[in-house]
file target.cif (mmCIF, C-alpha atoms)
data_query
#
loop_
_atom_site.label_atom_id
_atom_site.label_comp_id
_atom_site.auth_asym_id
_atom_site.auth_seq_id
_atom_site.Cartn_x
_atom_site.Cartn_y
_atom_site.Cartn_z
CA MET A 1 -41.90 56.47 -99.29
CA LEU A 2 -40.35 58.55 -96.51
CA THR A 3 -36.92 57.55 -95.27
CA GLU A 4 -38.19 56.55 -91.80
CA GLU A 5 -40.99 54.44 -93.27
CA ARG A 6 -38.59 52.80 -95.71
CA LEU A 7 -36.17 52.04 -92.87
CA THR A 8 -38.93 50.53 -90.73
CA THR A 9 -40.08 48.35 -93.64
CA LEU A 10 -36.59 47.11 -94.48
CA PHE A 11 -35.83 46.35 -90.83
CA ALA A 12 -39.04 44.36 -90.41
CA GLN A 13 -38.41 42.43 -93.62
CA ALA A 14 -34.85 41.65 -92.56
CA GLN A 15 -36.02 40.36 -89.19
CA GLN A 16 -38.61 38.18 -90.90
CA ALA A 17 -35.96 36.77 -93.25
CA ALA A 18 -33.71 36.04 -90.26
CA ALA A 19 -36.56 34.29 -88.45
CA HIS A 20 -36.76 31.93 -91.44
CA GLN A 21 -32.95 31.55 -91.53
CA ASN A 22 -32.87 33.16 -94.96
CA TRP A 23 -29.50 34.78 -94.34
CA PRO A 24 -28.74 36.04 -97.89
CA GLU A 25 -32.01 37.96 -97.96
CA ALA A 26 -31.53 39.29 -94.42
CA ILE A 27 -28.03 40.50 -95.30
CA GLN A 28 -29.24 42.22 -98.45
CA LEU A 29 -32.07 43.98 -96.61
CA TYR A 30 -29.77 45.22 -93.83
CA GLU A 31 -27.34 46.50 -96.49
CA GLN A 32 -30.18 48.49 -98.03
CA ALA A 33 -31.18 49.88 -94.65
CA GLU A 34 -27.74 50.98 -93.44
CA PRO A 35 -27.39 54.06 -95.71
CA LEU A 36 -30.76 55.27 -94.43
CA ALA A 37 -29.45 55.40 -90.83
CA PRO A 38 -25.65 55.56 -91.15
CA GLN A 39 -25.12 56.19 -87.40
CA GLU A 40 -27.31 53.31 -86.18
CA PHE A 41 -24.93 50.59 -84.98
CA ARG A 42 -27.63 47.94 -84.69
CA LEU A 43 -27.97 47.67 -88.46
CA PRO A 44 -24.38 46.55 -89.16
CA ASN A 45 -24.48 44.51 -85.96
CA ASN A 46 -27.60 42.65 -87.11
CA ARG A 47 -26.07 42.18 -90.55
CA ALA A 48 -22.95 40.79 -88.88
CA ASN A 49 -25.07 38.30 -86.97
CA ALA A 50 -26.62 37.16 -90.24
CA HIS A 51 -23.19 36.79 -91.86
CA TRP A 52 -21.98 34.76 -88.89
CA LEU A 53 -25.00 32.43 -88.91
CA ALA A 54 -24.49 32.01 -92.66
CA ASP A 55 -20.93 30.82 -91.84
CA GLN A 56 -19.32 33.92 -93.35
CA PRO A 57 -16.99 34.90 -90.49
CA GLU A 58 -14.82 37.29 -92.54
CA ALA A 59 -17.83 39.37 -93.58
CA ALA A 60 -19.18 39.14 -90.02
CA TRP A 61 -15.84 40.39 -88.64
CA ARG A 62 -15.93 43.45 -90.90
CA ALA A 63 -19.55 44.26 -90.04
CA TYR A 64 -18.98 43.88 -86.27
CA ARG A 65 -16.01 46.24 -86.53
CA ARG A 66 -18.26 48.78 -88.26
CA ALA A 67 -20.81 48.45 -85.44
CA ILE A 68 -18.08 48.94 -82.84
CA GLN A 69 -16.88 52.10 -84.61
CA LEU A 70 -20.39 53.47 -84.33
CA GLU A 71 -20.99 52.37 -80.72
CA PRO A 72 -17.86 51.13 -78.92
CA ALA A 73 -19.59 51.03 -75.52
CA ASP A 74 -22.18 48.38 -76.40
CA HIS A 75 -21.16 44.83 -75.47
CA ARG A 76 -23.06 43.04 -78.24
CA PRO A 77 -20.80 43.87 -81.21
CA TRP A 78 -17.77 42.94 -79.10
CA ARG A 79 -19.28 39.55 -78.29
CA GLY A 80 -20.11 39.03 -81.94
CA LEU A 81 -16.58 40.04 -82.89
CA GLY A 82 -15.26 37.41 -80.51
CA ASN A 83 -17.40 34.75 -82.15
CA ALA A 84 -16.26 35.77 -85.64
CA LEU A 85 -12.60 35.79 -84.59
CA ARG A 86 -13.00 32.35 -83.06
CA ASP A 87 -14.30 31.06 -86.40
CA LEU A 88 -11.29 32.66 -88.10
CA ASN A 89 -9.04 30.67 -85.71
CA ARG A 90 -7.76 33.93 -84.22
CA PHE A 91 -8.27 32.78 -80.64
CA GLU A 92 -5.98 35.36 -79.02
CA GLN A 93 -7.92 38.24 -80.55
CA ALA A 94 -11.21 36.55 -79.73
CA ASP A 95 -10.09 36.30 -76.10
CA ARG A 96 -9.55 40.07 -75.99
CA ALA A 97 -12.89 40.81 -77.69
CA PHE A 98 -14.80 38.66 -75.22
CA ALA A 99 -12.96 40.23 -72.30
CA ILE A 100 -13.99 43.71 -73.48
CA ALA A 101 -17.60 42.58 -73.95
CA ARG A 102 -17.71 41.15 -70.42
CA GLN A 103 -16.16 44.32 -69.01
CA LEU A 104 -18.78 46.47 -70.73
CA GLN A 105 -21.63 44.28 -69.49
CA PRO A 106 -21.30 41.00 -67.58
CA SER A 107 -23.21 38.30 -69.43
CA SER A 108 -23.51 34.56 -68.82
CA GLU A 109 -23.77 33.90 -72.54
CA THR A 110 -20.63 35.92 -73.28
CA ALA A 111 -18.80 34.11 -70.48
CA TRP A 112 -19.79 30.74 -71.98
CA ASN A 113 -18.56 31.79 -75.43
CA HIS A 114 -15.36 33.12 -73.89
CA SER A 115 -14.73 29.85 -72.06
CA GLN A 116 -14.73 27.93 -75.34
CA VAL A 117 -11.97 30.11 -76.74
CA LEU A 118 -9.96 29.61 -73.54
CA VAL A 119 -10.21 25.86 -74.14
CA GLY A 120 -8.75 26.47 -77.59
CA LEU A 121 -5.90 28.42 -75.96
CA GLU A 122 -5.37 25.51 -73.53
CA ARG A 123 -6.01 27.76 -70.54
CA TYR A 124 -8.10 25.02 -69.01
CA GLY A 125 -8.35 26.18 -65.41
CA GLU A 126 -9.77 29.55 -66.49
CA ALA A 127 -11.99 27.88 -69.09
CA TRP A 128 -13.60 25.39 -66.70
CA ALA A 129 -14.25 28.07 -64.09
CA LEU A 130 -15.75 30.49 -66.60
CA SER A 131 -17.85 27.83 -68.31
CA GLU A 132 -19.88 27.41 -65.13
CA GLU A 133 -21.63 30.67 -66.00
CA ARG A 134 -23.45 28.78 -68.78
CA LEU A 135 -25.77 27.44 -66.06
CA ALA A 136 -27.34 30.90 -65.88
CA VAL A 137 -27.97 31.19 -69.65
CA GLY A 138 -31.72 31.46 -69.97
CA HIS A 139 -32.24 29.63 -73.27
CA PHE A 140 -30.31 26.52 -72.21
CA ASP A 141 -32.62 23.76 -71.05
CA TYR A 142 -31.16 21.91 -68.06
CA HIS A 143 -32.33 18.54 -66.82
CA ARG A 144 -32.43 19.65 -63.18
CA PRO A 145 -32.69 23.15 -61.72
CA GLY A 146 -30.19 24.57 -59.24
CA PRO A 147 -28.81 24.94 -56.70
CA TYR A 148 -26.04 22.57 -57.76
CA TRP A 149 -23.52 20.48 -55.80
CA GLN A 150 -24.97 21.20 -52.37
CA SER A 151 -23.01 19.37 -49.63
CA TRP A 152 -20.50 18.27 -52.30
CA ALA A 153 -17.49 18.36 -49.97
CA GLU A 154 -19.19 17.38 -46.72
CA ALA A 155 -21.11 14.27 -47.73
CA LEU A 156 -18.36 12.23 -49.37
CA GLU A 157 -20.12 8.93 -48.72
CA GLN A 158 -23.54 10.13 -49.82
CA PRO A 159 -24.76 9.34 -53.36
CA ILE A 160 -24.51 12.16 -55.86
CA THR A 161 -26.57 12.55 -59.00
CA ILE A 162 -24.78 13.62 -62.17
CA TRP A 163 -26.70 14.35 -65.36
CA SER A 164 -25.67 14.73 -68.97
CA GLU A 165 -25.76 18.12 -70.68
CA GLN A 166 -25.47 19.46 -74.24
CA GLY A 167 -24.96 16.76 -76.90
CA PHE A 168 -23.97 13.10 -76.95
CA GLY A 169 -20.42 14.03 -77.95
CA ASP A 170 -20.03 16.23 -74.87
CA THR A 171 -21.20 13.35 -72.69
CA PHE A 172 -18.58 10.99 -74.15
CA GLN A 173 -15.90 13.66 -73.75
CA PHE A 174 -16.60 14.49 -70.11
CA LEU A 175 -17.21 10.95 -68.82
CA ARG A 176 -13.47 10.74 -68.11
CA TRP A 177 -13.87 12.87 -64.99
CA LEU A 178 -15.86 10.09 -63.33
CA ILE A 179 -12.50 8.39 -62.78
CA ARG A 180 -11.61 11.00 -60.18
CA LEU A 181 -14.70 10.26 -58.10
CA GLY A 182 -13.12 7.01 -56.91
CA ASP A 183 -15.43 5.04 -54.62
CA ARG A 184 -18.02 7.77 -54.32
CA PRO A 185 -21.52 6.43 -55.16
CA VAL A 186 -22.88 8.05 -58.34
CA ARG A 187 -26.25 8.00 -60.07
CA LEU A 188 -25.68 8.95 -63.71
CA GLU A 189 -28.75 10.26 -65.53
CA VAL A 190 -28.37 10.23 -69.33
CA GLU A 191 -30.46 9.98 -72.50
CA ARG A 192 -32.03 6.54 -72.87
CA PRO A 193 -30.00 5.47 -75.98
CA LEU A 194 -26.81 5.84 -73.90
CA VAL A 195 -27.81 3.73 -70.90
CA ALA A 196 -26.79 0.24 -72.09
CA LEU A 197 -23.46 1.48 -73.48
CA LEU A 198 -22.47 3.33 -70.32
CA GLU A 199 -23.56 0.47 -68.05
CA GLU A 200 -21.24 -1.82 -69.99
CA GLY A 201 -18.46 0.63 -70.78
CA LEU A 202 -18.03 2.04 -67.26
CA CYS A 203 -18.35 -1.20 -65.29
CA TRP A 204 -14.55 -1.40 -64.95
CA LEU A 205 -14.49 1.58 -62.55
CA PRO A 206 -13.80 0.77 -58.88
CA ARG A 207 -17.38 1.75 -58.13
CA PRO A 208 -19.38 1.85 -61.37
CA PRO A 209 -22.14 4.46 -61.49
CA GLU A 210 -25.78 3.55 -61.47
CA VAL A 211 -26.72 4.52 -65.03
CA VAL A 212 -30.37 5.41 -65.60
CA ALA A 213 -32.42 7.11 -68.28
CA LYS A 214 -33.28 10.69 -67.46
CA PRO A 215 -36.66 10.71 -65.72
CA THR A 216 -39.28 13.04 -67.10
CA THR A 217 -39.89 14.40 -63.61
CA PRO A 218 -36.68 14.00 -61.63
CA ALA A 219 -37.05 13.16 -57.95
CA PRO A 220 -35.26 15.52 -55.54
CA ALA A 221 -31.55 14.82 -55.12
CA ALA A 222 -29.55 16.09 -52.16
CA CYS A 223 -26.43 16.67 -54.25
CA HIS A 224 -26.57 16.91 -58.02
CA GLY A 225 -25.00 18.70 -60.95
CA SER A 226 -23.96 18.55 -64.59
CA LEU A 227 -21.36 16.15 -65.95
CA MET A 228 -19.77 19.15 -67.68
CA SER A 229 -19.14 20.81 -64.32
CA LEU A 230 -16.82 18.05 -63.10
CA PRO A 231 -13.65 19.57 -64.63
CA HIS A 232 -14.18 22.70 -62.53
CA LEU A 233 -14.83 20.65 -59.39
CA LEU A 234 -12.14 18.03 -59.90
CA GLY A 235 -9.45 19.85 -61.86
CA GLY A 236 -7.35 18.78 -64.78
CA GLY A 237 -6.76 20.03 -68.29
CA THR A 238 -8.02 17.41 -70.72
CA LEU A 239 -7.33 14.58 -68.22
CA THR A 240 -6.23 12.50 -71.22
CA ALA A 241 -3.13 10.94 -69.64
CA GLU A 242 -5.09 9.80 -66.60
CA ALA A 243 -8.12 8.66 -68.59
CA PHE A 244 -6.11 6.44 -70.98
CA VAL A 245 -3.31 5.25 -68.70
CA ALA A 246 -4.59 1.65 -68.60
CA GLY A 247 -6.73 1.64 -71.73
CA PRO A 248 -9.70 3.67 -72.94
CA TYR A 249 -12.10 4.94 -70.32
CA LEU A 250 -15.12 3.58 -72.19
CA ARG A 251 -14.39 -0.15 -72.33
CA LEU A 252 -16.34 -2.84 -74.15
CA PRO A 253 -15.27 -6.48 -74.35
CA SER A 254 -13.18 -7.25 -77.41
CA ALA A 255 -15.59 -8.29 -80.12
CA SER A 256 -14.82 -11.01 -82.66
CA ARG A 257 -14.73 -9.84 -86.24
CA PRO A 258 -17.83 -10.72 -88.28
CA VAL A 259 -17.40 -13.41 -90.90
CA HIS A 260 -16.78 -11.63 -94.19
CA THR A 261 -13.96 -11.05 -96.59
CA GLY A 262 -12.16 -7.75 -96.93
CA ARG A 263 -11.28 -4.84 -94.69
CA ARG A 264 -14.02 -2.64 -93.24
CA ILE A 265 -14.07 1.06 -92.33
CA GLY A 266 -17.06 2.79 -90.78
CA VAL A 267 -18.28 6.09 -92.22
CA VAL A 268 -20.32 8.90 -90.62
CA TRP A 269 -20.80 11.87 -92.93
CA ALA A 270 -23.38 14.11 -91.23
CA ALA A 271 -23.45 15.97 -87.91
CA GLY A 272 -26.51 16.29 -85.69
CA ARG A 273 -29.38 17.53 -87.83
CA LYS A 274 -30.93 20.16 -85.55
CA LEU A 275 -32.25 22.71 -87.99
CA ASP A 276 -34.80 24.60 -85.90
CA ASP A 277 -32.11 26.54 -84.05
CA ALA A 278 -30.03 28.92 -86.18
CA PHE A 279 -26.73 28.10 -84.47
CA THR A 280 -27.09 24.31 -84.57
CA ALA A 281 -28.31 24.54 -88.17
CA ARG A 282 -25.12 26.42 -89.01
CA GLU A 283 -23.00 23.77 -87.27
CA TYR A 284 -24.80 21.03 -89.17
CA ARG A 285 -24.16 22.67 -92.53
CA LYS A 286 -20.49 23.37 -92.00
CA ARG A 287 -19.63 19.97 -90.47
CA THR A 288 -21.63 17.71 -92.83
CA LEU A 289 -20.16 16.33 -96.05
CA PRO A 290 -22.11 17.25 -99.20
CA PRO A 291 -23.02 14.33 -101.51
CA GLU A 292 -20.10 14.89 -103.86
CA ALA A 293 -17.59 14.79 -100.99
CA LEU A 294 -19.19 11.64 -99.57
CA GLU A 295 -18.97 9.97 -102.98
CA GLN A 296 -15.29 10.98 -103.24
CA LEU A 297 -14.64 9.40 -99.84
CA LEU A 298 -16.51 6.17 -100.55
CA ARG A 299 -14.95 5.61 -103.96
CA GLY A 300 -11.52 6.40 -102.53
CA LEU A 301 -11.99 3.78 -99.80
CA HIS A 302 -12.97 1.21 -102.42
CA ARG A 303 -9.86 2.01 -104.48
CA GLN A 304 -7.73 1.34 -101.42
CA GLY A 305 -9.37 -2.01 -100.80
CA PHE A 306 -11.69 -1.00 -97.93
CA GLY A 307 -15.37 -1.80 -97.69
CA PRO A 308 -17.27 1.22 -96.28
CA VAL A 309 -19.78 0.47 -93.51
CA ASN A 310 -22.67 2.92 -93.08
CA LEU A 311 -22.73 4.04 -89.42
CA GLN A 312 -24.86 7.13 -90.04
CA VAL A 313 -28.06 7.50 -88.04
CA GLY A 314 -31.04 9.79 -88.44
CA PRO A 315 -32.65 11.55 -91.40
CA ASP A 316 -29.40 11.96 -93.39
CA ARG A 317 -29.15 8.21 -93.66
CA ASP A 318 -32.77 7.97 -94.79
CA ALA A 319 -32.23 10.66 -97.42
CA LEU A 320 -29.11 9.02 -98.89
CA ALA A 321 -29.29 8.75 -102.68
CA PRO A 322 -29.54 5.13 -103.91
CA ALA A 323 -26.36 5.50 -105.98
CA LEU A 324 -24.41 6.42 -102.84
CA ALA A 325 -26.11 3.80 -100.67
CA GLU A 326 -24.88 1.14 -103.09
CA LEU A 327 -21.27 2.11 -102.34
CA PHE A 328 -21.59 0.79 -98.78
CA VAL A 329 -20.87 -2.91 -98.26
CA ASP A 330 -22.63 -3.09 -94.89
CA VAL A 331 -24.86 -0.94 -92.70
CA LEU A 332 -25.55 -0.51 -89.00
CA PRO A 333 -29.16 -1.57 -88.28
CA PRO A 334 -31.47 1.46 -88.09
CA ASP A 335 -32.64 0.55 -84.59
CA ALA A 336 -29.11 0.19 -83.20
CA ASP A 337 -28.39 2.03 -79.98
CA PHE A 338 -25.00 3.38 -78.89
CA LEU A 339 -24.00 0.01 -77.40
CA ALA A 340 -24.61 -1.75 -80.72
CA ALA A 341 -22.69 1.01 -82.52
CA GLY A 342 -19.84 0.70 -80.03
CA GLN A 343 -19.63 -3.05 -80.49
CA ARG A 344 -19.67 -2.63 -84.26
CA ILE A 345 -16.86 -0.09 -84.46
CA GLN A 346 -14.61 -2.36 -82.42
CA GLN A 347 -14.94 -4.90 -85.22
CA LEU A 348 -13.75 -2.41 -87.84
CA GLU A 349 -10.28 -1.43 -88.95
CA ALA A 350 -11.10 2.25 -88.39
CA VAL A 351 -13.83 4.89 -88.60
CA VAL A 352 -14.01 8.03 -90.72
CA SER A 353 -16.34 10.59 -89.13
CA VAL A 354 -17.18 14.25 -89.27
CA ASP A 355 -17.25 16.20 -85.99
CA THR A 356 -20.20 14.52 -84.34
CA ALA A 357 -20.92 12.06 -81.51
CA MET A 358 -19.33 9.10 -83.30
CA ALA A 359 -15.91 10.77 -83.30
CA HIS A 360 -16.13 11.18 -79.53
CA GLN A 361 -17.46 7.66 -78.99
CA ALA A 362 -14.68 6.13 -81.07
CA GLY A 363 -12.12 8.21 -79.19
CA ALA A 364 -13.52 7.26 -75.79
CA GLN A 365 -13.38 3.57 -76.81
CA GLY A 366 -9.85 3.86 -78.19
CA VAL A 367 -10.93 3.06 -81.76
CA LEU A 368 -8.89 4.57 -84.61
CA CYS A 369 -10.96 7.43 -86.06
CA HIS A 370 -10.07 9.80 -88.89
CA THR A 371 -12.01 12.94 -87.97
CA LEU A 372 -12.88 15.45 -90.70
CA LEU A 373 -13.02 19.00 -89.37
CA PRO A 374 -14.28 22.23 -90.95
CA TRP A 375 -12.01 25.26 -91.16
CA SER A 376 -13.76 26.91 -88.22
CA ALA A 377 -13.64 23.81 -86.05
CA ASP A 378 -14.75 23.78 -82.42
CA PRO A 379 -11.92 25.22 -80.27
CA ARG A 380 -11.67 21.93 -78.35
CA TRP A 381 -9.74 20.56 -81.35
CA LEU A 382 -7.22 23.44 -81.07
CA ARG A 383 -5.61 24.65 -84.31
CA GLU A 384 -3.52 22.94 -86.98
CA ARG A 385 -2.76 19.84 -84.89
CA ARG A 386 -3.22 16.43 -86.50
CA ASP A 387 -3.46 14.64 -83.17
CA SER A 388 -6.22 15.15 -80.65
CA PRO A 389 -5.66 16.66 -77.21
CA TRP A 390 -8.62 14.56 -76.02
CA TYR A 391 -8.33 11.15 -77.66
CA PRO A 392 -5.08 9.37 -78.59
CA SER A 393 -6.82 7.27 -81.27
CA LEU A 394 -8.10 10.24 -83.29
CA HIS A 395 -6.36 11.66 -86.35
CA LEU A 396 -7.60 15.12 -87.31
CA TRP A 397 -7.98 16.23 -90.94
CA ARG A 398 -8.84 19.90 -91.39
CA GLN A 399 -10.21 22.08 -94.13
CA GLY A 400 -8.00 24.92 -95.29
CA PRO A 401 -9.12 28.55 -95.48
CA ASP A 402 -10.90 27.73 -98.77
CA ARG A 403 -13.30 25.54 -96.75
CA GLN A 404 -13.27 22.80 -99.38
CA TRP A 405 -13.69 19.12 -98.49
CA GLU A 406 -11.96 17.65 -101.56
CA PRO A 407 -8.36 18.21 -100.38
CA VAL A 408 -9.26 17.07 -96.85
CA ILE A 409 -10.52 13.73 -98.17
CA ASP A 410 -7.57 13.40 -100.54
CA HIS A 411 -5.13 13.80 -97.64
CA CYS A 412 -7.13 11.46 -95.41
CA LEU A 413 -7.01 8.74 -98.07
CA LEU A 414 -3.23 8.94 -98.59
#
call {"tool": "encode", "arguments": {"input": "target.cif", "output": "structure tokens"}}
result
Amino acid sequence: MLTEERLTTLFAQAQQAAAHQNWPEAIQLYEQAEPLAPQEFRLPNNRANAHWLADQPEAAWRAYRRAIQLEPADHRPWRGLGNALRDLNRFEQADRAFAIARQLQPSSETAWNHSQVLVGLERYGEAWALSEERLAVGHFDYHRPGPYWQSWAEALEQPITIWSEQGFGDTFQFLRWLIRLGDRPVRLEVERPLVALLEEGLCWLPRPPEVVAKPTTPAPAACHGSLMSLPHLLGGGTLTAEAFVAGPYLRLPSASRPVHTGRRIGVVWAAGRKLDDAFTAREYRKRTLPPEALEQLLRGLHRQGFGPVNLQVGPDRDALAPALAELFVDVLPPDADFLAAGQRIQQLEAVVSVDTAMAHQAGAQGVLCHTLLPWSADPRWLRERRDSPWYPSLHLWRQGPDRQWEPVIDHCLL
């Protein structure tokens, strides 16, 4: 076969493997193709993307650098390099890589990625301003179209509509900025499972928001915008001191402990299982405990005299092996909403959770939560710290560079 034909075949096969999230095969095919076109930067750049989505940031970093050597004026390898450096916890270098990418070609997606690293560097004012460019990212699906925040400053007494964005954890995290709205009337549109919890948990505010499920076809609103835009509009870094000055900002009545013997700790071992998208599938894999790590955690809790309570929701709970299911002494009902989960965790001594919505909910409610983080944790958790810049009740336990869960769980159980 001629070189050009062979190259075309390998490239097509690699793209097909990537479309099926078969990253090892995609990487191998790109490696075979690169010697056939040694000056084509897109081949190492595509291989780098596959390494990154396979959660191999070191290999991705090397491949992006190769692509940049071949074509330093293209913004895409620089953006990829920034993502790889972020996953290597080299935030300062990632900041520079993203800045170069944006200088070469302004991009809303690059700006959004850059803003996350700035959060990790605690440069919050810059981060919140830059993150607003995410609203122009084409593949994000927003509840309401722009323009946003029309008449925000002029109509202080007029109702405003604020809607949730991204995941449940982001909603819990950014609810704190509602405190700064004071007496301003707010309609808060969120996913239906959140409605009862937020109605109850935010009723302590001077003027509680009207909490409603997101309508399928939203009616026009004179002034509306995303909950995640409030930090840019209202200022503040993490707003933690203000949000927790008189207690947690998501407040449920103190619940009486259920009648049972022994001490109880809730357990959530899997992150959001969104496998259709390559990025969210990667996040699921790296944040979720494998069965052997979950067994280590559950048996360790039993040795210390705790009864594990299964707080997991979704298909990971359904797929739990019977031998592991038997290690739980209690379980959250499968039809429980976030209010029921919130009431339950306030009856527990603590929660152990991976980086998923439960960690944020526990933190927002002021419940003690031991949060298990992967080596390449989201920049919002900063680096190396054991305490959380967002939630005083969270204790952070991090993987080392070996990305093994066993030592993390050992340290958490001490």
call {"tool": "closest_residue", "arguments": {"input": "target.cif", "among": "A:Phe11, A:Tyr391, A:Phe174, A:Trp112", "to": "Pro44 (chain A)", "atoms": "all atoms listed in the file"}}
result
A:Phe11
call {"tool": "resolve_selection", "arguments": {"input": "target.cif", "expression": "the PyMOL selection byres ((chain A and resi 224) around 10)", "output": "number ranges by chain"}}
result
A: 144-152, 159-163, 186-188, 220-223, 225-227
call {"tool": "residues_around", "arguments": {"input": "target.cif", "residues": "Ala281 (chain A)", "least_positions_apart": "3", "cutoff": "10 Å", "atoms": "all atoms listed in the file", "output": "count of residues only"}}
result
14
call {"tool": "resolve_selection", "arguments": {"input": "target.cif", "expression": "the PyMOL selection byres ((chain A and resi 352) around 7)", "output": "list in words"}}
result
Gly266, Val267, Val268, Ala350, Val351, Ser353, Cys369, His370 and Thr371 of chain A
call {"tool": "write_last_selection", "arguments": {"input": "target.cif", "atoms": "C-alpha atoms", "output": "mmCIF file, in the coordinates of the input"}}
result
data_model
loop_
_atom_site.group_PDB
_atom_site.id
_atom_site.type_symbol
_atom_site.label_atom_id
_atom_site.label_comp_id
_atom_site.auth_asym_id
_atom_site.auth_seq_id
_atom_site.Cartn_x
_atom_site.Cartn_y
_atom_site.Cartn_z
ATOM 1 C CA GLY A 266 -17.060 2.790 -90.780
ATOM 2 C CA VAL A 267 -18.280 6.090 -92.220
ATOM 3 C CA VAL A 268 -20.320 8.900 -90.620
ATOM 4 C CA ALA A 350 -11.100 2.250 -88.390
ATOM 5 C CA VAL A 351 -13.830 4.890 -88.600
ATOM 6 C CA SER A 353 -16.340 10.590 -89.130
ATOM 7 C CA CYS A 369 -10.960 7.430 -86.060
ATOM 8 C CA HIS A 370 -10.070 9.800 -88.890
ATOM 9 C CA THR A 371 -12.010 12.940 -87.970
#
call {"tool": "residues_around", "arguments": {"input": "target.cif", "residues": "Gln103 (chain A)", "least_positions_apart": "5", "cutoff": "10 Å", "atoms": "only C-alpha atoms", "output": "number ranges by chain"}}
result
A: 73, 75, 97-98
call {"tool": "resolve_selection", "arguments": {"input": "target.cif", "expression": "the PyMOL selection byres ((chain A and resi 329-332) around 12)", "output": "number ranges by chain"}}
result
A: 258, 260-268, 298-299, 301-302, 305-314, 317, 324-328, 333-345, 348
